[in-house]
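With compact mmCIF, C-alpha atoms inside, this is work-v4.txt:
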# COMPACT_ATOMS: atom_id res chain seq x y z
CA MET B 1 28.14 59.38 30.49
CA SER B 2 27.64 57.02 33.43
CA GLU B 3 23.91 57.83 33.36
CA GLN B 4 23.83 56.73 29.74
CA VAL B 5 25.62 53.51 30.65
CA ALA B 6 23.11 52.88 33.46
CA HIS B 7 20.27 53.60 31.03
CA ALA B 8 21.71 51.15 28.53
CA GLU B 9 22.21 48.51 31.22
CA SER B 10 18.67 48.94 32.49
CA HIS B 11 17.42 47.78 29.08
CA THR B 12 19.64 44.72 28.89
CA HIS B 13 17.30 41.85 29.78
CA GLU B 14 18.30 38.46 31.05
CA HIS B 15 16.44 35.67 29.30
CA PRO B 16 15.77 32.43 31.20
CA SER B 17 18.07 29.49 30.52
CA ASP B 18 17.12 26.64 28.17
CA PHE B 19 16.63 24.42 31.22
CA GLU B 20 14.12 26.88 32.69
CA TYR B 21 12.23 26.94 29.38
CA VAL B 22 12.05 23.14 29.38
CA LYS B 23 10.80 23.14 33.00
CA VAL B 24 8.04 25.62 32.09
CA ALA B 25 7.07 23.49 29.07
CA LEU B 26 6.84 20.39 31.28
CA VAL B 27 4.59 22.23 33.74
CA LEU B 28 2.39 23.39 30.82
CA ALA B 29 2.19 19.83 29.49
CA ALA B 30 1.28 18.49 32.96
CA ILE B 31 -1.51 21.06 33.39
CA THR B 32 -2.82 20.26 29.89
CA ALA B 33 -2.85 16.56 30.77
CA VAL B 34 -4.94 17.30 33.90
CA GLU B 35 -7.29 19.44 31.77
CA VAL B 36 -7.79 16.56 29.35
CA PHE B 37 -8.45 14.12 32.22
CA THR B 38 -11.30 16.35 33.43
CA TYR B 39 -13.12 15.54 30.20
CA PHE B 40 -13.41 11.89 31.14
CA GLU B 41 -15.78 11.66 34.09
CA SER B 42 -14.86 7.99 34.57
CA VAL B 43 -11.42 9.13 35.82
CA LEU B 44 -12.74 11.56 38.44
CA ASP B 45 -16.08 13.29 38.84
CA TRP B 46 -15.21 16.98 39.28
CA GLY B 47 -18.83 18.02 39.85
CA ALA B 48 -19.27 21.72 40.53
CA PHE B 49 -15.50 22.21 40.62
CA LEU B 50 -15.08 21.37 36.93
CA ILE B 51 -15.54 24.79 35.31
CA PRO B 52 -13.67 26.80 38.02
CA SER B 53 -10.80 24.26 37.90
CA LEU B 54 -10.57 24.45 34.10
CA LEU B 55 -10.61 28.25 34.18
CA ILE B 56 -7.89 28.38 36.85
CA MET B 57 -5.69 25.95 34.88
CA MET B 58 -6.25 28.01 31.73
CA VAL B 59 -5.23 31.23 33.48
CA VAL B 60 -2.11 29.59 34.95
CA LYS B 61 -1.06 28.32 31.48
CA PHE B 62 -1.77 31.73 29.92
CA TRP B 63 0.23 33.46 32.66
CA LEU B 64 3.19 31.05 32.36
CA VAL B 65 3.46 31.47 28.57
CA ALA B 66 3.14 35.27 28.76
CA ARG B 67 5.58 35.63 31.65
CA MET B 68 8.26 33.12 30.64
CA PHE B 69 8.03 32.50 26.89
CA MET B 70 6.99 36.05 25.98
CA HIS B 71 9.52 37.38 28.52
CA LEU B 72 7.13 39.70 30.35
CA LYS B 73 8.90 38.65 33.56
CA ASN B 74 12.14 40.37 32.55
CA ASP B 75 11.01 42.83 29.91
CA GLU B 76 9.93 46.45 30.26
CA PRO B 77 6.80 46.69 32.46
CA VAL B 78 5.16 48.99 29.91
CA LEU B 79 4.91 46.09 27.43
CA GLY B 80 3.02 44.00 29.96
CA ARG B 81 0.75 46.96 30.65
CA PHE B 82 -0.06 47.32 26.94
CA PHE B 83 -0.97 43.65 26.72
CA ALA B 84 -2.89 43.65 30.00
CA GLY B 85 -4.73 46.77 28.82
CA GLY B 86 -5.91 45.06 25.62
CA LEU B 87 -6.81 41.91 27.51
CA ALA B 88 -8.73 43.82 30.21
CA LEU B 89 -10.57 45.90 27.61
CA ALA B 90 -11.56 42.78 25.66
CA THR B 91 -12.68 41.01 28.84
CA VAL B 92 -14.85 43.92 30.02
CA VAL B 93 -16.33 44.62 26.56
CA TYR B 94 -17.28 41.00 25.89
CA ILE B 95 -18.57 40.28 29.40
CA ILE B 96 -20.90 43.27 28.92
CA ALA B 97 -21.85 41.95 25.46
CA LEU B 98 -22.60 38.47 26.87
CA LEU B 99 -24.63 40.01 29.71
CA ALA B 100 -26.58 42.07 27.16
CA PHE B 101 -27.48 38.85 25.31
CA ASN B 102 -28.51 37.12 28.58
CA PHE B 103 -25.77 34.52 28.17
CA TRP B 104 -25.81 33.50 31.84
CA SER B 105 -29.57 33.51 32.34
CA MET C 1 39.51 59.57 30.22
CA THR C 2 40.26 55.95 29.41
CA SER C 3 37.27 54.73 31.42
CA MET C 4 35.13 57.38 29.68
CA THR C 5 36.18 55.95 26.32
CA ALA C 6 35.37 52.42 27.48
CA GLU C 7 31.96 53.57 28.72
CA ALA C 8 31.31 55.34 25.43
CA ALA C 9 32.27 52.18 23.55
CA ALA C 10 29.94 50.14 25.77
CA VAL C 11 27.09 52.54 25.11
CA SER C 12 27.66 52.57 21.34
CA HIS C 13 27.85 48.77 21.39
CA ASP C 14 24.61 48.35 23.37
CA HIS C 15 22.61 50.93 21.43
CA ASP C 16 21.68 50.36 17.84
CA PRO C 17 21.35 53.35 15.50
CA HIS C 18 17.56 53.18 15.77
CA ALA C 19 17.49 53.23 19.57
CA THR C 20 14.53 55.00 21.14
CA ASN C 21 14.47 57.10 24.30
CA THR C 22 12.33 54.44 26.03
CA GLY C 23 14.90 51.75 25.30
CA ILE C 24 12.23 49.64 23.61
CA SER C 25 12.49 49.22 19.87
CA ASN C 26 9.58 50.54 17.81
CA THR C 27 8.99 47.15 16.18
CA LYS C 28 8.73 45.36 19.52
CA LEU C 29 6.39 48.02 20.88
CA ALA C 30 4.31 47.79 17.70
CA MET C 31 4.06 44.01 18.01
CA TRP C 32 2.84 44.26 21.62
CA LEU C 33 0.27 46.89 20.60
CA PHE C 34 -0.84 44.65 17.73
CA LEU C 35 -1.19 41.69 20.10
CA SER C 36 -3.26 43.73 22.53
CA THR C 37 -5.67 44.59 19.68
CA GLU C 38 -5.77 40.90 18.72
CA CYS C 39 -7.25 40.22 22.17
CA LEU C 40 -10.30 42.20 21.04
CA LEU C 41 -10.53 40.29 17.74
CA PHE C 42 -10.41 36.86 19.35
CA GLY C 43 -12.58 38.04 22.27
CA GLY C 44 -15.29 38.92 19.75
CA LEU C 45 -15.02 35.57 17.95
CA ILE C 46 -15.04 33.57 21.20
CA SER C 47 -18.02 35.53 22.56
CA THR C 48 -19.92 34.94 19.31
CA TYR C 49 -19.30 31.21 19.56
CA LEU C 50 -20.41 31.17 23.22
CA LEU C 51 -23.65 32.90 22.24
CA TYR C 52 -24.38 30.54 19.34
CA LYS C 53 -22.92 27.23 20.53
CA THR C 54 -26.31 25.69 21.31
CA ARG C 55 -28.11 27.05 18.24
CA GLY C 56 -28.13 24.00 16.02
CA ASN C 57 -31.52 24.46 14.36
CA GLY C 58 -32.19 20.79 15.02
CA GLN C 59 -28.97 19.68 13.33
CA VAL C 60 -25.61 18.47 14.58
CA LEU C 61 -23.67 20.80 16.90
CA PRO C 62 -19.87 21.10 17.00
CA THR C 63 -19.93 19.93 20.64
CA ASP C 64 -21.66 16.69 19.57
CA ILE C 65 -18.75 15.60 17.40
CA PHE C 66 -15.64 16.99 19.15
CA ASP C 67 -12.79 14.49 19.28
CA ILE C 68 -11.13 15.63 22.50
CA MET C 69 -8.23 13.17 22.34
CA PHE C 70 -7.31 14.35 18.85
CA THR C 71 -7.58 18.04 19.81
CA SER C 72 -5.54 17.35 22.95
CA VAL C 73 -2.68 16.01 20.83
CA SER C 74 -2.90 19.16 18.66
CA SER C 75 -2.73 21.28 21.83
CA PHE C 76 0.39 19.45 23.01
CA VAL C 77 1.96 19.98 19.58
CA LEU C 78 1.29 23.74 19.69
CA LEU C 79 2.64 23.96 23.26
CA ALA C 80 5.77 22.10 22.16
CA SER C 81 6.22 24.58 19.30
CA SER C 82 6.29 27.43 21.84
CA LEU C 83 9.17 25.67 23.60
CA THR C 84 11.13 25.19 20.38
CA MET C 85 10.50 28.85 19.48
CA VAL C 86 12.12 30.10 22.70
CA LEU C 87 14.97 27.62 22.21
CA ALA C 88 15.54 29.16 18.74
CA LEU C 89 15.68 32.63 20.31
CA SER C 90 17.98 31.40 23.08
CA ALA C 91 20.37 29.92 20.49
CA ALA C 92 20.29 33.17 18.49
CA VAL C 93 21.15 35.22 21.60
CA ARG C 94 24.18 32.93 22.11
CA GLY C 95 25.14 33.44 18.46
CA ASP C 96 24.59 29.75 17.62
CA MET C 97 22.86 30.30 14.28
CA HIS C 98 23.01 26.63 13.29
CA ARG C 99 20.86 25.63 16.28
CA THR C 100 18.66 28.66 15.68
CA ARG C 101 17.86 27.34 12.20
CA VAL C 102 17.24 23.84 13.53
CA TRP C 103 14.80 25.07 16.21
CA LEU C 104 13.07 27.41 13.75
CA MET C 105 12.53 24.48 11.39
CA VAL C 106 11.25 22.26 14.22
CA THR C 107 8.85 25.04 15.29
CA ALA C 108 7.58 25.41 11.71
CA LEU C 109 7.11 21.64 11.41
CA LEU C 110 5.14 21.48 14.66
CA GLY C 111 3.00 24.39 13.44
CA ALA C 112 2.43 22.55 10.16
CA VAL C 113 1.37 19.44 12.09
CA PHE C 114 -1.14 21.57 14.03
CA ILE C 115 -2.55 23.03 10.79
CA GLY C 116 -2.69 19.54 9.26
CA GLY C 117 -4.67 18.41 12.31
CA GLN C 118 -7.07 21.29 11.90
CA VAL C 119 -7.63 20.48 8.22
CA TYR C 120 -8.30 16.84 9.19
CA GLU C 121 -10.71 17.97 11.94
CA PHE C 122 -12.62 20.31 9.61
CA THR C 123 -12.84 17.61 6.92
CA SER C 124 -14.12 14.96 9.33
CA PHE C 125 -16.66 17.42 10.78
CA TYR C 126 -17.87 18.22 7.25
CA TYR C 127 -18.41 14.52 6.49
CA GLU C 128 -20.33 14.20 9.76
CA GLY C 129 -22.78 16.83 8.51
CA LEU C 130 -21.31 20.01 10.00
CA GLY C 131 -20.82 22.44 7.12
CA TYR C 132 -19.97 26.11 7.48
CA THR C 133 -23.62 27.16 6.97
CA THR C 134 -25.30 24.17 8.66
CA ASN C 135 -26.34 26.27 11.64
CA PRO C 136 -25.17 29.37 13.60
CA ALA C 137 -23.10 27.20 15.98
CA ALA C 138 -21.14 25.70 13.06
CA SER C 139 -20.54 29.10 11.44
CA ALA C 140 -19.27 30.57 14.73
CA PHE C 141 -17.06 27.51 15.39
CA TYR C 142 -15.46 27.45 11.93
CA THR C 143 -14.95 31.24 11.94
CA LEU C 144 -13.21 31.18 15.33
CA THR C 145 -10.98 28.17 14.78
CA GLY C 146 -10.43 29.12 11.12
CA PHE C 147 -9.19 32.58 12.12
CA HIS C 148 -6.84 30.94 14.59
CA GLY C 149 -5.62 28.60 11.86
CA ILE C 150 -4.96 31.56 9.55
CA HIS C 151 -2.88 33.14 12.31
CA VAL C 152 -0.85 29.93 12.71
CA SER C 153 -0.36 29.79 8.93
CA LEU C 154 0.90 33.40 8.86
CA GLY C 155 3.24 32.47 11.71
CA LEU C 156 4.54 29.58 9.59
CA LEU C 157 5.36 32.01 6.77
CA MET C 158 7.24 34.24 9.22
CA LEU C 159 9.16 31.25 10.62
CA MET C 160 10.16 30.09 7.14
CA SER C 161 11.29 33.65 6.28
CA LEU C 162 13.46 33.65 9.41
CA PHE C 163 14.85 30.23 8.49
CA VAL C 164 15.82 31.45 5.02
CA ALA C 165 17.25 34.74 6.37
CA ALA C 166 19.34 32.82 8.91
CA GLY C 167 20.63 30.58 6.13
CA GLN C 168 21.63 33.61 4.06
CA GLY C 169 23.49 35.11 7.02
CA LYS C 170 21.06 38.02 7.30
CA LEU C 171 20.00 36.91 10.77
CA THR C 172 22.74 37.10 13.38
CA ALA C 173 23.09 37.40 17.14
CA LYS C 174 23.06 41.20 16.69
CA ASN C 175 19.55 41.30 15.25
CA HIS C 176 18.09 38.47 17.31
CA GLU C 177 15.24 40.79 18.24
CA THR C 178 13.63 39.90 14.90
CA ILE C 179 13.31 36.31 16.15
CA GLU C 180 11.99 37.58 19.48
CA ILE C 181 9.26 39.62 17.74
CA VAL C 182 8.14 36.71 15.54
CA GLY C 183 8.30 34.59 18.71
CA LEU C 184 5.92 37.00 20.49
CA TYR C 185 3.40 36.49 17.69
CA TRP C 186 3.86 32.72 17.81
CA HIS C 187 3.41 32.55 21.59
CA PHE C 188 0.32 34.74 21.33
CA VAL C 189 -1.19 32.25 18.88
CA ASP C 190 -0.41 29.54 21.44
CA VAL C 191 -1.98 31.58 24.24
CA VAL C 192 -5.16 32.04 22.18
CA TRP C 193 -5.29 28.29 21.63
CA ILE C 194 -4.94 27.71 25.40
CA PHE C 195 -8.10 29.80 25.76
CA ILE C 196 -9.96 28.15 22.86
CA PHE C 197 -9.08 24.64 24.02
CA THR C 198 -10.52 25.23 27.48
CA VAL C 199 -13.53 27.43 26.71
CA ILE C 200 -14.65 25.84 23.43
CA TYR C 201 -13.58 22.20 23.70
CA LEU C 202 -13.35 21.25 27.37
CA ILE C 203 -16.07 23.23 29.15
CA PRO C 204 -19.33 21.32 28.61
CA ALA C 205 -21.94 23.00 26.38
CA GLU C 206 -24.72 22.75 28.98
For the structure just supplied, provide its representation as C-alpha cells.
Amino acid sequence: MSEQVAHAESHTHEHPSDFEYVKVALVLAAITAVEVFTYFESVLDWGAFLIPSLLIMMVVKFWLVARMFMHLKNDEPVLGRFFAGGLALATVVYIIALLAFNFWS
Amino acid sequence: MTSMTAEAAAVSHDHDPHATNTGISNTKLAMWLFLSTECLLFGGLISTYLLYKTRGNGQVLPTDIFDIMFTSVSSFVLLASSLTMVLALSAAVRGDMHRTRVWLMVTALLGAVFIGGQVYEFTSFYYEGLGYTTNPAASAFYTLTGFHGIHVSLGLLMLMSLFVAAGQGKLTAKNHETIEIVGLYWHFVDVVWIFIFTVIYLIPAE
C-alpha cells in the first residue's frame, strides 16, 4: 500500500506561485522590449551580433514559457521528451529542407 | 490497520477513476503529442516563408510594409494572455472558481485583441497592395500568420467553453486539469508567436 501512496505522491506536482508567474512574465516582457529595440538601429547598432542575439532571446523566451507556464519544470519528464522530440524532428527536417533549397547560399 | 485505511483513502482521493499506470492522464499525454506534431506543421509554414520571403515578382514584399511597433504591441498582448492563463489555472487549483472565471475571461479578451490586431494588419497590408496572391512571399506570409490566427481563434473558443462550464459549476478544483490542458494549447500558440515574431518580423530580410 505504501508503494501505491509513494506512486501517487510522485505524480502530485507543485505549480509555481502566482508571484513566480508574474516574475516570469516580467522577464518575458523585458526580453521582448530588448528585441523590439534591436529593430531601431538609431538606438544601438548591433552589427553582426543582431541575428545571434535575436535567436538567443527567442530561445530564452521559448524555454521560459515551456518550462514555467507549460509546467515542464515540475511535470513528468516524458512530456518534455515528447515535445522536445517533435521540436527536434521539425528542426532537423526543415534545416535539411532549407539546405536542399540552398537557403543559406 | 488504521494507518492502512488512511493511506487507502489518500490513494483513492489522489487517483481518479481513469488513472493510468504512468500517472499521466491520457488527455494530457494526447495534448502534448498533438503539440509535438504541431511543431512540424508550423516548421513547414515558417520554412516556406523563409524560402519565399524575397520573391516579390517586382511587387511589394511583406517585409517592406511591416509595422513593427504595432506587431510588438500584439506580441505583448499575447504574452500577457499567457500570464492570465496560468493565473486562471492557479486559481482553479486553489478552488477559487470566481477568480478562475475572471482570468479566463481576461485571457479570452487579450486573445480577441490579438486577433483584432491581426485582422487590422491584414486589412492594412491589403490596401497597401499586398493581396494573398500578389506574389509567393505574400502567399507564404498570409498562410503562416493566418494559420497562427486560426489557432488563436480555436483557443478562444476553448476558453469561452471553459468560462461557460465554470459558470455552470461543471468546472471545479477537482477537474482543473481541463484548464491545464487548454492552457498548454494556449501557451503553445504563444510560443509559436515568439518564434514568428523573431524570425519573420525582426530578423532583417537581407
Between CA of Ser153 (chain C) and CA of Ile200 (chain C) - distance in Å to one decimal: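 These two atoms are separated by 20.7 Å.
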Name the closest residue to His15 (chain B) among the candidates C:Asp96, C:Val86, C:Leu202, C:Gly183; distances are taken between atoms, counting all atoms listed in the file.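 Under the stated criterion, the closest residue is C:Val86.
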Using all atoms listed in the file for the distances, tell me which of C:Phe125, C:Tyr132, C:Tyr201, C:Phe163 is nearest to Thr100 (chain C).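 Answer, going by the shortest atom-to-atom distance: C:Phe163.
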Non-local contacts of Leu50 (chain B) (10 Å; only C-alpha atoms; under 5 positions in same chain excluded) as an NGL selection string: (:B and (35 or 38-39 or 45 or 55)) or (:C and (202-204))
Taking only C-alpha atoms into account and nothing else, which residues of chain B lie no more than 7 Å away from chain C? Please answer as a list in words.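 Per the criterion, chain B yields Val5, Ala8, His11, Asp18, Tyr21, Val22, Ala25, Ala29, Val36, Tyr39, Ile51, Leu54, Met58, Phe62, Val65, Phe69, Met70, Leu79, Phe82, Phe83, Gly86, Leu87, Ala90, Tyr94, Leu98 and Phe103 of chain B.
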Identify, on the basis of all atoms listed in the file, every residue whose closest approach to Leu78 (chain C) does not exceed 7 Å; exclude the query and any residue fewer than 5 positions from it along the same chain; express the result as a list in words.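 So the residues in contact are Leu110, Gly111, Phe114 and Asp190 of chain C.
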Work out how far apart CA of Leu154 (chain C) and CA of Thr20 (chain C) are and give it in Å to one decimal. 28.3 Å
State, in Å with one decimal place, the distance from CA of Leu28 (chain B) to CA of Ala173 (chain C).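 About the pair CA of Leu28 (chain B) and CA of Ala173 (chain C): they are 28.5 Å apart.
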Using only C-alpha atoms, can you list as an NGL selection string the residues within 9 Å of (21.1, 26.8, 8.8)? :C and (97-102 or 163-164 or 166-169)
Taking all listed atoms of region 23-41 of chain B, build the axis-aligned box, pad each of the six sides by 4 Å, then write its centre and edge lengths in Å to one decimal as AutoDock Vina command-line options.
--center_x -2.5 --center_y 18.6 --center_z 31.6 --size_x 34.6 --size_y 22.0 --size_z 13.0
Top pick for closest residue to Gln118 (chain C), considering C:Gly58, C:Gly155, C:Gly149, C:Gly95 and counting all atoms listed in the file: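 Ranked by minimum distance to Gln118 (chain C), first place goes to C:Gly149.
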